[in-house]
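Data file: model.cif. Format and content: mmCIF, C-alpha atoms.
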data_entry
loop_
_atom_site.label_atom_id
_atom_site.label_comp_id
_atom_site.auth_asym_id
_atom_site.auth_seq_id
_atom_site.Cartn_x
_atom_site.Cartn_y
_atom_site.Cartn_z
CA MET A 7 -15.58 113.21 92.93
CA SER A 8 -13.47 114.43 89.99
CA GLU A 9 -9.90 113.21 89.55
CA THR A 10 -8.53 116.70 90.18
CA GLY A 11 -10.75 117.10 93.24
CA TYR A 12 -9.35 113.88 94.68
CA LEU A 13 -5.78 115.01 93.94
CA LEU A 14 -6.28 118.37 95.65
CA LEU A 15 -7.85 116.69 98.69
CA VAL A 16 -4.85 114.36 98.91
CA PHE A 17 -2.56 117.43 98.80
CA LEU A 18 -4.59 119.11 101.54
CA VAL A 19 -4.57 116.06 103.80
CA MET A 20 -0.83 115.51 103.27
CA THR A 21 -0.05 119.19 103.87
CA ILE A 22 -1.90 119.12 107.19
CA ALA A 23 -0.39 115.78 108.28
CA THR A 24 3.16 116.88 107.40
CA PHE A 25 2.80 120.31 108.99
CA LEU A 26 1.40 118.74 112.18
CA THR A 27 4.48 116.53 112.62
CA ARG A 28 6.64 119.64 112.38
CA LEU A 29 4.38 121.83 114.55
CA ILE A 30 3.58 119.54 117.49
CA PRO A 31 6.79 120.03 119.54
CA PHE A 32 6.56 123.82 119.24
CA VAL A 33 3.02 123.74 120.62
CA ALA A 34 3.65 121.03 123.21
CA PHE A 35 6.80 122.63 124.64
CA ARG A 36 6.08 126.31 124.09
CA ASP A 37 7.58 128.52 126.83
CA ARG A 38 9.68 125.56 127.97
CA GLY A 39 12.57 125.98 125.54
CA ASP A 40 14.94 126.66 128.44
CA HIS A 41 14.15 123.46 130.34
CA PRO A 42 17.51 121.73 131.11
CA LEU A 43 16.50 118.49 129.38
CA LEU A 44 15.49 120.33 126.19
CA THR A 45 18.73 122.31 126.28
CA TYR A 46 20.58 119.02 126.66
CA LEU A 47 18.73 117.58 123.64
CA GLY A 48 19.43 120.76 121.66
CA ARG A 49 23.13 120.06 122.19
CA TYR A 50 23.27 116.29 121.70
CA MET A 51 20.51 115.62 119.16
CA PRO A 52 22.06 117.35 116.12
CA PRO A 53 25.22 115.16 116.14
CA ALA A 54 23.11 112.02 116.60
CA ILE A 55 20.66 113.01 113.86
CA MET A 56 23.42 113.93 111.41
CA THR A 57 24.99 110.49 111.96
CA LEU A 58 21.60 108.85 111.36
CA LEU A 59 20.98 110.87 108.20
CA VAL A 60 24.30 109.70 106.75
CA LEU A 61 23.27 106.10 107.44
CA TYR A 62 19.74 106.68 106.19
CA SER A 63 20.91 108.13 102.90
CA LEU A 64 22.91 104.90 102.38
CA LYS A 65 19.83 102.78 103.15
CA SER A 66 19.55 101.21 99.71
CA LEU A 67 23.22 100.27 99.60
CA ASP A 68 23.68 96.57 98.88
CA LEU A 69 26.99 95.37 100.29
CA THR A 70 26.47 91.82 98.99
CA GLN A 71 26.51 92.73 95.27
CA ALA A 72 29.10 94.35 93.00
CA PRO A 73 30.37 97.05 93.42
CA TYR A 74 29.89 96.19 97.14
CA GLY A 75 29.23 99.79 98.13
CA MET A 76 32.62 100.90 96.81
CA ASN A 77 31.18 103.99 95.04
CA GLU A 78 29.59 105.29 98.23
CA LEU A 79 32.35 104.29 100.64
CA LEU A 80 35.19 105.77 98.56
CA ALA A 81 33.23 108.94 97.79
CA LEU A 82 32.52 109.42 101.52
CA LEU A 83 36.15 108.70 102.38
CA LEU A 84 37.27 111.34 99.88
CA THR A 85 34.71 113.81 101.30
CA THR A 86 35.88 113.12 104.86
CA LEU A 87 39.63 113.36 104.18
CA LEU A 88 39.23 116.55 102.15
CA HIS A 89 37.07 118.06 104.85
CA LEU A 90 39.50 117.20 107.66
CA TRP A 91 42.36 118.59 105.56
CA ARG A 92 40.89 121.80 104.11
CA GLY A 93 37.69 122.36 106.12
CA ASN A 94 35.91 123.79 103.06
CA ALA A 95 32.39 122.29 103.04
CA LEU A 96 31.59 123.04 99.39
CA LEU A 97 34.91 121.64 98.19
CA SER A 98 34.50 118.41 100.21
CA ILE A 99 30.89 117.89 99.11
CA PHE A 100 31.44 118.56 95.43
CA ALA A 101 34.65 116.56 95.15
CA GLY A 102 32.87 113.58 96.77
CA THR A 103 29.82 113.97 94.53
CA LEU A 104 31.81 114.36 91.30
CA PHE A 105 33.84 111.28 92.20
CA TYR A 106 30.61 109.40 92.97
CA MET A 107 28.90 110.44 89.71
CA ALA A 108 31.96 109.51 87.65
CA ALA A 109 32.36 106.15 89.40
CA LEU A 110 28.64 105.37 89.07
CA GLN A 111 28.17 106.50 85.49
CA SER A 112 31.32 104.91 84.12
CA GLY A 113 31.03 101.82 86.29
CA TRP A 114 34.58 101.92 87.66
CA PHE A 115 33.99 99.30 90.33
CA VAL A 116 31.48 97.02 88.63
CA MET B 28 28.03 139.11 102.18
CA SER B 29 24.27 139.55 102.59
CA THR B 30 22.23 137.23 104.81
CA VAL B 31 20.60 135.65 101.75
CA GLY B 32 24.01 135.31 100.09
CA ALA B 33 25.40 133.46 103.11
CA ALA B 34 22.33 131.22 103.22
CA PHE B 35 22.68 130.53 99.50
CA ARG B 36 26.32 129.54 99.95
CA ALA B 37 25.43 127.13 102.75
CA SER B 38 22.52 125.68 100.78
CA VAL B 39 24.26 125.03 97.42
CA PRO B 40 24.70 121.28 98.19
CA VAL B 41 20.96 121.06 98.86
CA LEU B 42 20.34 122.72 95.47
CA PHE B 43 22.31 119.95 93.77
CA GLY B 44 20.55 117.30 95.84
CA TYR B 45 16.98 118.61 95.69
CA VAL B 46 16.82 119.38 91.97
CA PRO B 47 17.58 115.82 90.76
CA LEU B 48 15.48 114.27 93.55
CA GLY B 49 12.59 116.64 92.80
CA MET B 50 12.97 115.75 89.12
CA ALA B 51 12.80 112.03 89.95
CA PHE B 52 9.53 112.74 91.77
CA GLY B 53 8.23 114.87 88.88
CA ILE B 54 8.96 112.10 86.38
CA LEU B 55 7.09 109.52 88.49
CA PHE B 56 4.24 111.95 89.10
CA GLN B 57 3.85 112.70 85.40
CA ASP B 58 3.00 109.02 84.79
CA LEU B 59 -0.17 109.47 86.87
CA GLY B 60 -1.58 111.59 84.04
CA TYR B 61 -2.22 114.88 85.87
CA ALA B 62 -1.19 118.26 84.44
CA TRP B 63 2.54 119.00 85.05
CA TYR B 64 1.93 121.97 87.35
CA TYR B 65 0.42 119.79 90.07
CA ALA B 66 3.91 118.41 90.81
CA PRO B 67 5.39 121.81 91.80
CA LEU B 68 2.11 122.61 93.57
CA MET B 69 2.72 119.55 95.73
CA GLY B 70 6.28 120.73 96.39
CA LEU B 71 4.86 124.08 97.46
CA THR B 72 2.09 122.80 99.75
CA VAL B 73 3.11 119.36 101.06
CA TYR B 74 6.90 119.81 100.80
CA ALA B 75 8.09 116.44 102.06
CA GLY B 76 10.37 114.35 99.85
CA ALA B 77 9.78 110.79 100.98
CA ALA B 78 6.06 111.39 101.55
CA GLN B 79 5.64 112.77 98.02
CA PHE B 80 7.26 109.65 96.56
CA MET B 81 4.96 107.53 98.72
CA ALA B 82 1.97 109.57 97.52
CA VAL B 83 2.60 108.58 93.90
CA GLY B 84 1.83 104.97 94.86
CA LEU B 85 -1.17 105.97 96.99
CA LEU B 86 -2.61 108.17 94.21
CA ALA B 87 -2.17 105.40 91.64
CA ALA B 88 -4.04 103.01 93.97
CA HIS B 89 -6.70 105.67 94.74
CA ALA B 90 -6.09 105.25 98.46
CA SER B 91 -8.61 106.67 100.93
CA LEU B 92 -7.89 110.09 102.44
CA PHE B 93 -7.63 108.50 105.89
CA GLU B 94 -4.96 106.12 104.66
CA VAL B 95 -3.11 109.04 103.03
CA ALA B 96 -3.26 111.11 106.24
CA LEU B 97 -2.12 108.27 108.49
CA SER B 98 0.76 107.09 106.33
CA THR B 99 1.99 110.66 105.78
CA PHE B 100 1.88 111.34 109.51
CA ILE B 101 3.78 108.16 110.36
CA LEU B 102 6.37 108.65 107.63
CA ASN B 103 7.07 112.23 108.74
CA SER B 104 6.78 111.72 112.49
CA ARG B 105 10.55 111.93 112.92
CA HIS B 106 10.13 115.66 112.31
CA MET B 107 8.57 115.93 115.76
CA PHE B 108 11.98 115.22 117.23
CA PHE B 109 13.62 117.92 115.14
CA GLY B 110 11.41 120.59 116.69
CA VAL B 111 12.35 119.49 120.21
CA SER B 112 15.96 120.52 119.64
CA LEU B 113 15.07 123.77 117.85
CA LEU B 114 12.84 125.35 120.50
CA SER B 115 15.45 127.85 121.63
CA ARG B 116 16.75 128.56 118.11
CA TYR B 117 13.44 129.53 116.49
CA ARG B 118 12.68 132.83 118.19
CA ALA B 119 10.93 134.42 115.17
CA GLN B 120 7.27 135.26 115.69
CA GLY B 121 4.03 134.94 113.75
CA LEU B 122 4.06 133.95 110.10
CA LYS B 123 7.86 133.86 109.98
CA LYS B 124 7.92 131.24 112.72
CA LEU B 125 5.09 129.25 111.11
CA TYR B 126 7.00 129.16 107.83
CA LEU B 127 10.22 128.06 109.58
CA ILE B 128 8.25 125.20 111.15
CA PHE B 129 6.42 124.36 107.91
CA GLY B 130 9.69 124.10 105.96
CA LEU B 131 11.55 121.89 108.43
CA THR B 132 12.94 119.06 106.28
CA ASP B 133 15.88 116.78 107.11
CA GLU B 134 18.24 118.95 105.07
CA THR B 135 16.96 122.26 106.44
CA TYR B 136 17.27 120.93 109.99
CA SER B 137 20.85 119.84 109.27
CA LEU B 138 21.88 123.24 107.92
CA ILE B 139 20.15 125.17 110.69
CA THR B 140 21.79 123.17 113.46
CA SER B 141 25.26 123.15 111.85
CA THR B 142 25.83 126.52 110.14
CA HIS B 143 25.77 130.14 111.30
CA PRO B 144 25.09 133.47 109.60
CA PRO B 145 28.13 135.79 109.32
CA THR B 146 28.57 137.93 112.47
CA GLY B 147 26.22 140.86 112.69
CA HIS B 148 23.49 139.20 110.65
CA ASP B 149 20.10 138.34 112.10
CA GLU B 150 19.97 134.62 112.83
CA GLN B 151 16.22 134.32 112.27
CA ASN B 152 16.43 135.91 108.81
CA TYR B 153 19.27 133.54 107.97
CA TYR B 154 17.14 130.54 108.98
CA LEU B 155 14.24 131.95 106.97
CA ALA B 156 16.43 132.39 103.86
CA LEU B 157 17.80 128.84 104.22
CA THR B 158 14.30 127.39 104.53
CA ALA B 159 12.89 129.34 101.57
CA LEU B 160 15.90 128.65 99.32
CA ASN B 161 15.74 124.91 100.03
CA GLN B 162 12.03 124.81 99.27
CA SER B 163 12.53 126.77 96.04
CA TYR B 164 15.09 124.15 94.88
CA TRP B 165 12.62 121.37 95.62
CA ILE B 166 9.75 123.08 93.78
CA THR B 167 12.04 123.75 90.81
CA GLY B 168 13.05 120.07 90.68
CA CYS B 169 9.41 118.88 90.86
CA ALA B 170 8.47 121.23 88.00
CA LEU B 171 11.45 120.29 85.79
CA GLY B 172 10.80 116.56 86.23
CA ALA B 173 7.09 116.82 85.45
CA LEU B 174 7.66 119.16 82.49
CA PHE B 175 10.50 117.41 80.75
CA GLY B 176 10.15 113.94 82.18
CA ALA B 177 12.32 111.37 80.52
CA ASN B 178 13.49 113.84 77.85
CA VAL B 179 16.20 115.26 80.08
CA GLN B 180 19.47 114.99 78.17
CA PHE B 181 21.93 115.54 81.00
CA ASP B 182 22.66 112.40 83.03
CA THR B 183 21.96 113.46 86.61
CA SER B 184 22.32 110.00 88.14
CA GLY B 185 24.39 110.17 91.28
CA MET B 186 23.96 113.93 91.64
CA ASP B 187 21.76 113.49 94.70
CA PHE B 188 24.83 112.11 96.45
CA THR B 189 25.42 115.78 97.41
CA LEU B 190 22.89 115.20 100.21
CA THR B 191 24.81 112.19 101.58
CA ALA B 192 28.05 114.17 101.35
CA LEU B 193 26.34 117.17 102.97
CA PHE B 194 25.20 115.06 105.93
CA MET B 195 28.71 113.64 106.24
CA VAL B 196 30.33 117.09 106.27
CA LEU B 197 27.78 118.41 108.77
CA MET B 198 28.42 115.37 110.96
CA LEU B 199 32.16 116.20 110.88
CA GLU B 200 31.32 119.81 111.75
CA GLN B 201 29.24 118.58 114.71
CA TRP B 202 32.23 116.50 115.81
CA LYS B 203 34.53 119.54 115.67
CA LYS B 204 32.07 121.45 117.88
CA LEU B 205 31.30 118.74 120.43
CA ARG B 206 34.32 116.41 120.58
CA GLU B 207 32.40 113.84 122.60
CA PRO B 208 31.97 110.45 120.96
CA TYR B 209 28.81 109.45 122.88
CA PRO B 210 26.02 110.84 120.62
CA PHE B 211 27.81 109.67 117.46
CA VAL B 212 28.42 106.15 118.77
CA VAL B 213 24.87 105.84 120.13
CA ALA B 214 23.42 106.99 116.79
CA LEU B 215 25.67 104.71 114.77
CA LEU B 216 24.68 101.64 116.79
CA CYS B 217 20.96 102.53 116.86
CA GLY B 218 21.07 103.31 113.14
CA LEU B 219 22.71 100.03 112.18
CA ALA B 220 20.28 98.07 114.38
CA ALA B 221 17.30 99.89 112.84
CA LEU B 222 18.62 99.33 109.30
CA TRP B 223 18.86 95.66 110.06
CA LEU B 224 15.52 95.20 111.87
CA PHE B 225 13.19 98.01 110.73
CA ARG B 226 14.50 99.10 107.34
CA GLU B 227 11.27 100.85 106.27
CA GLN B 228 10.93 102.94 109.43
CA MET B 229 14.68 103.23 109.96
CA LEU B 230 14.83 106.94 110.81
CA LEU B 231 11.86 107.03 113.15
CA VAL B 232 13.03 103.96 115.09
CA SER B 233 16.68 104.99 115.31
CA ILE B 234 15.95 108.61 116.25
CA SER B 235 13.56 107.59 119.07
CA LEU B 236 16.01 105.00 120.36
CA SER B 237 18.96 107.43 120.23
CA ILE B 238 17.01 110.09 122.11
CA ALA B 239 15.98 107.57 124.76
CA LEU B 240 19.64 106.61 125.24
CA LEU B 241 20.78 110.26 125.26
CA LEU B 242 18.17 111.11 127.90
CA LEU B 243 19.12 108.08 129.92
CA ARG B 244 22.70 109.30 130.06
CA SER B 245 21.61 112.79 131.07
CA ARG B 246 19.70 111.23 133.98
CA ILE B 247 22.65 109.07 134.95
CA SER B 248 25.12 111.97 134.82
CA GLN B 249 22.76 114.05 136.96
CA VAL B 250 22.80 111.32 139.58
CA VAL B 251 26.56 110.89 139.42
CA LEU B 252 27.49 114.58 139.35
#
Output the file's structure in the form of structure tokens.
Amino acid sequence: MSETGYLLLVFLVMTIATFLTRLIPFVAFRDRGDHPLLTYLGRYMPPAIMTLLVLYSLKSLDLTQAPYGMNELLALLLTTLLHLWRGNALLSIFAGTLFYMAALQSGWFV
Amino acid sequence: MSTVGAAFRASVPVLFGYVPLGMAFGILFQDLGYAWYYAPLMGLTVYAGAAQFMAVGLLAAHASLFEVALSTFILNSRHMFFGVSLLSRYRAQGLKKLYLIFGLTDETYSLITSTHPPTGHDEQNYYLALTALNQSYWITGCALGALFGANVQFDTSGMDFTLTALFMVLMLEQWKKLREPYPFVVALLCGLAALWLFREQMLLVSISLSIALLLLRSRISQVVL
């Protein structure tokens, strides 16, 4: 098999495998979207998943080495305070990110 | 504001997260020695961040197709849970619905469950615009990384923090809507436990565990009430 042939087969297999993980619930629970348990999950899962995604995106954080997660923790604190104060999502996200990039690139806390 | 305009506004943080992440993937992919355009092709067809990074290692090792299929399925299996909570939201039909399902990444799920189109706009078209915009950012990043590789002048390190900040803001928005600590506390505890014990499969483990605990409470409250 040619190199390109192998690459395209890998793409095909990965496309199918990824799409399946996204498709399965829609096939398995079709016509049952109004079941009370699924409605319950529709209400309570998003907050839980958002919390988990915050944690997940900090997965590679090493709290035992300098800067002890200071970049991430302070940037998230800034994001949170700004968001509770002004409620403007773009402002909170970009202020936090700019702070993070500046702190990381100039090594403020190292 | 148009539906696409509103979706663009909501998705700007994903733009700033997906472009540098896609570029990181493109740079890694370029080292495999394939033509640059295969990187955006992968963003178009596979469209899964973590799985694409994993694939670079599998391609380099010439892994078998079975191994590729299995590891992709396991890595992305958390997406099955996303669909469960979107059943009543995705009312589009046919190809539109298939594309909404195809493009369901962590970030797209977050925006769809936390933001709304302006009043009077069709919700399904808003979801569709969000999904397509996010994927276009990812494809752009993959292409830029593979094309320019290490020659990029602008230091983008830390720019993908927009995604962490986005999740944080959307979590705060969820809190404003729900005002019940239970799902947040359950997720925090499950997440920390999974980070500690199952770092590699952190999301899959913590999402399953959280859902089990959420369902358990729904059963208990049914009995009590």
Practice task
Using the chain letters and residue numbers of this document, give as a ChimeraX atom specification the residues selected by the PyMOL selection byres ((chain B and resi 227-231) around 8).
Solution key: /A:58-59,62 /B:102,104-105,218,221-222,225-226,232-235
Up to 6 Å from chain B, what residues of chain A turn up? Count only C-alpha atoms and give them as a PDB file with C-alpha atoms, in the coordinates of the input.
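Written file, selection_21.pdb:
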ATOM      1  CA  VAL A  19      -4.570 116.060 103.800  1.00  0.00           C
ATOM      2  CA  MET A  20      -0.830 115.510 103.270  1.00  0.00           C
ATOM      3  CA  THR A  21      -0.050 119.190 103.870  1.00  0.00           C
ATOM      4  CA  ALA A  23      -0.390 115.780 108.280  1.00  0.00           C
ATOM      5  CA  PHE A  25       2.800 120.310 108.990  1.00  0.00           C
ATOM      6  CA  THR A  27       4.480 116.530 112.620  1.00  0.00           C
ATOM      7  CA  ARG A  28       6.640 119.640 112.380  1.00  0.00           C
ATOM      8  CA  PRO A  31       6.790 120.030 119.540  1.00  0.00           C
ATOM      9  CA  GLY A  39      12.570 125.980 125.540  1.00  0.00           C
ATOM     10  CA  LEU A  47      18.730 117.580 123.640  1.00  0.00           C
ATOM     11  CA  GLY A  48      19.430 120.760 121.660  1.00  0.00           C
ATOM     12  CA  PRO A  53      25.220 115.160 116.140  1.00  0.00           C
ATOM     13  CA  ALA A  54      23.110 112.020 116.600  1.00  0.00           C
ATOM     14  CA  MET A  56      23.420 113.930 111.410  1.00  0.00           C
ATOM     15  CA  LEU A  58      21.600 108.850 111.360  1.00  0.00           C
ATOM     16  CA  VAL A  60      24.300 109.700 106.750  1.00  0.00           C
ATOM     17  CA  SER A  63      20.910 108.130 102.900  1.00  0.00           C
ATOM     18  CA  ILE A  99      30.890 117.890  99.110  1.00  0.00           C
ATOM     19  CA  THR A 103      29.820 113.970  94.530  1.00  0.00           C
ATOM     20  CA  MET A 107      28.900 110.440  89.710  1.00  0.00           C
TER      21      MET A 107
END
Handout entry: Spatial sel., origin (12.8, 124.3, 97.5), limit 10 Å, only C-alpha atoms, listed as a VMD selection string
Key = chain B and resid 41 to 42 45 to 46 49 67 70 to 71 74 130 157 to 169
Problem - Length of the atom CA of Ala173 of chain B to atom CA of Ala51 of chain B vector [Å] - result: 8.7 Å
Practice task
Fewer than 6 positions away in the same chain doesn't count, so skip those; otherwise give me all residues within 12 Å of His148 of chain B, counting only C-alpha atoms, as a ChimeraX atom specification.
Solution key: /B:28-34,154,156
Please write the residues from the selection above to a file, keeping C-alpha atoms, as a CSV table (one decimal), keeping the file's coordinate frame.
chain,number,residue,atom,x,y,z
B,28,MET,CA,28.0,139.1,102.2
B,29,SER,CA,24.3,139.6,102.6
B,30,THR,CA,22.2,137.2,104.8
B,31,VAL,CA,20.6,135.6,101.8
B,32,GLY,CA,24.0,135.3,100.1
B,33,ALA,CA,25.4,133.5,103.1
B,34,ALA,CA,22.3,131.2,103.2
B,154,TYR,CA,17.1,130.5,109.0
B,156,ALA,CA,16.4,132.4,103.9
Handout entry: Distance query Phe175 of chain B at most 9 Å, all atoms listed in the file, self and fewer than 6 positions along chain excluded, as a PyMOL selection string
Key = chain B and resi 50+53-54
Problem - Interatomic distance, atom CA of Arg92 of chain A to atom CA of Arg206 of chain B (Å, one decimal) - result: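 Separation of atom CA of Arg92 of chain A and atom CA of Arg206 of chain B: 18.5 Å.
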Problem - Nearest-residue call for Gly102 of chain A, choices A:Ile55, A:Leu82, A:Val116, A:Leu87, using all atoms listed in the file - result: A:Leu82
So that I can see what lies close to Leu84 of chain A, please list as a short mmCIF file (atom, residue, chain, number, x, y, z; two decimals) with C-alpha atoms, keeping the file's coordinate frame the residues with an atom at most 9 Å from it, counting only C-alpha atoms and leaving out residues fewer than 3 positions away in the same chain.
data_model
loop_
_atom_site.label_atom_id
_atom_site.label_comp_id
_atom_site.auth_asym_id
_atom_site.auth_seq_id
_atom_site.Cartn_x
_atom_site.Cartn_y
_atom_site.Cartn_z
CA LEU A 79 32.35 104.29 100.64
CA LEU A 80 35.19 105.77 98.56
CA ALA A 81 33.23 108.94 97.79
CA LEU A 87 39.63 113.36 104.18
CA LEU A 88 39.23 116.55 102.15
CA HIS A 89 37.07 118.06 104.85
CA SER A 98 34.50 118.41 100.21
CA ALA A 101 34.65 116.56 95.15
CA GLY A 102 32.87 113.58 96.77
CA PHE A 105 33.84 111.28 92.20
#
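Atom CA of Lys123 of chain B is positioned 29.5 Å from atom CA of Trp63 of chain B.
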Handout entry: Residue nearest Phe32 of chain A - candidates B:Gln249, B:Gln120, B:Thr146, B:Gln180, atoms counted: all atoms listed in the file
Key = B:Gln120
Exercise for the section: Can you pull out every residue within 12 Å of Met76 of chain A, counting only C-alpha atoms, but drop anything in the same chain fewer than 2 positions away, and send it as a list in words? Expected result: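 Result of the neighbour search: Leu64, Leu67, Asp68, Leu69, Thr70, Gln71, Ala72, Pro73, Tyr74, Glu78, Leu79, Leu80, Ala81, Leu82, Leu83, Leu84, Phe105, Tyr106, Ala109, Leu110, Gly113, Trp114, Phe115 and Val116 of chain A.
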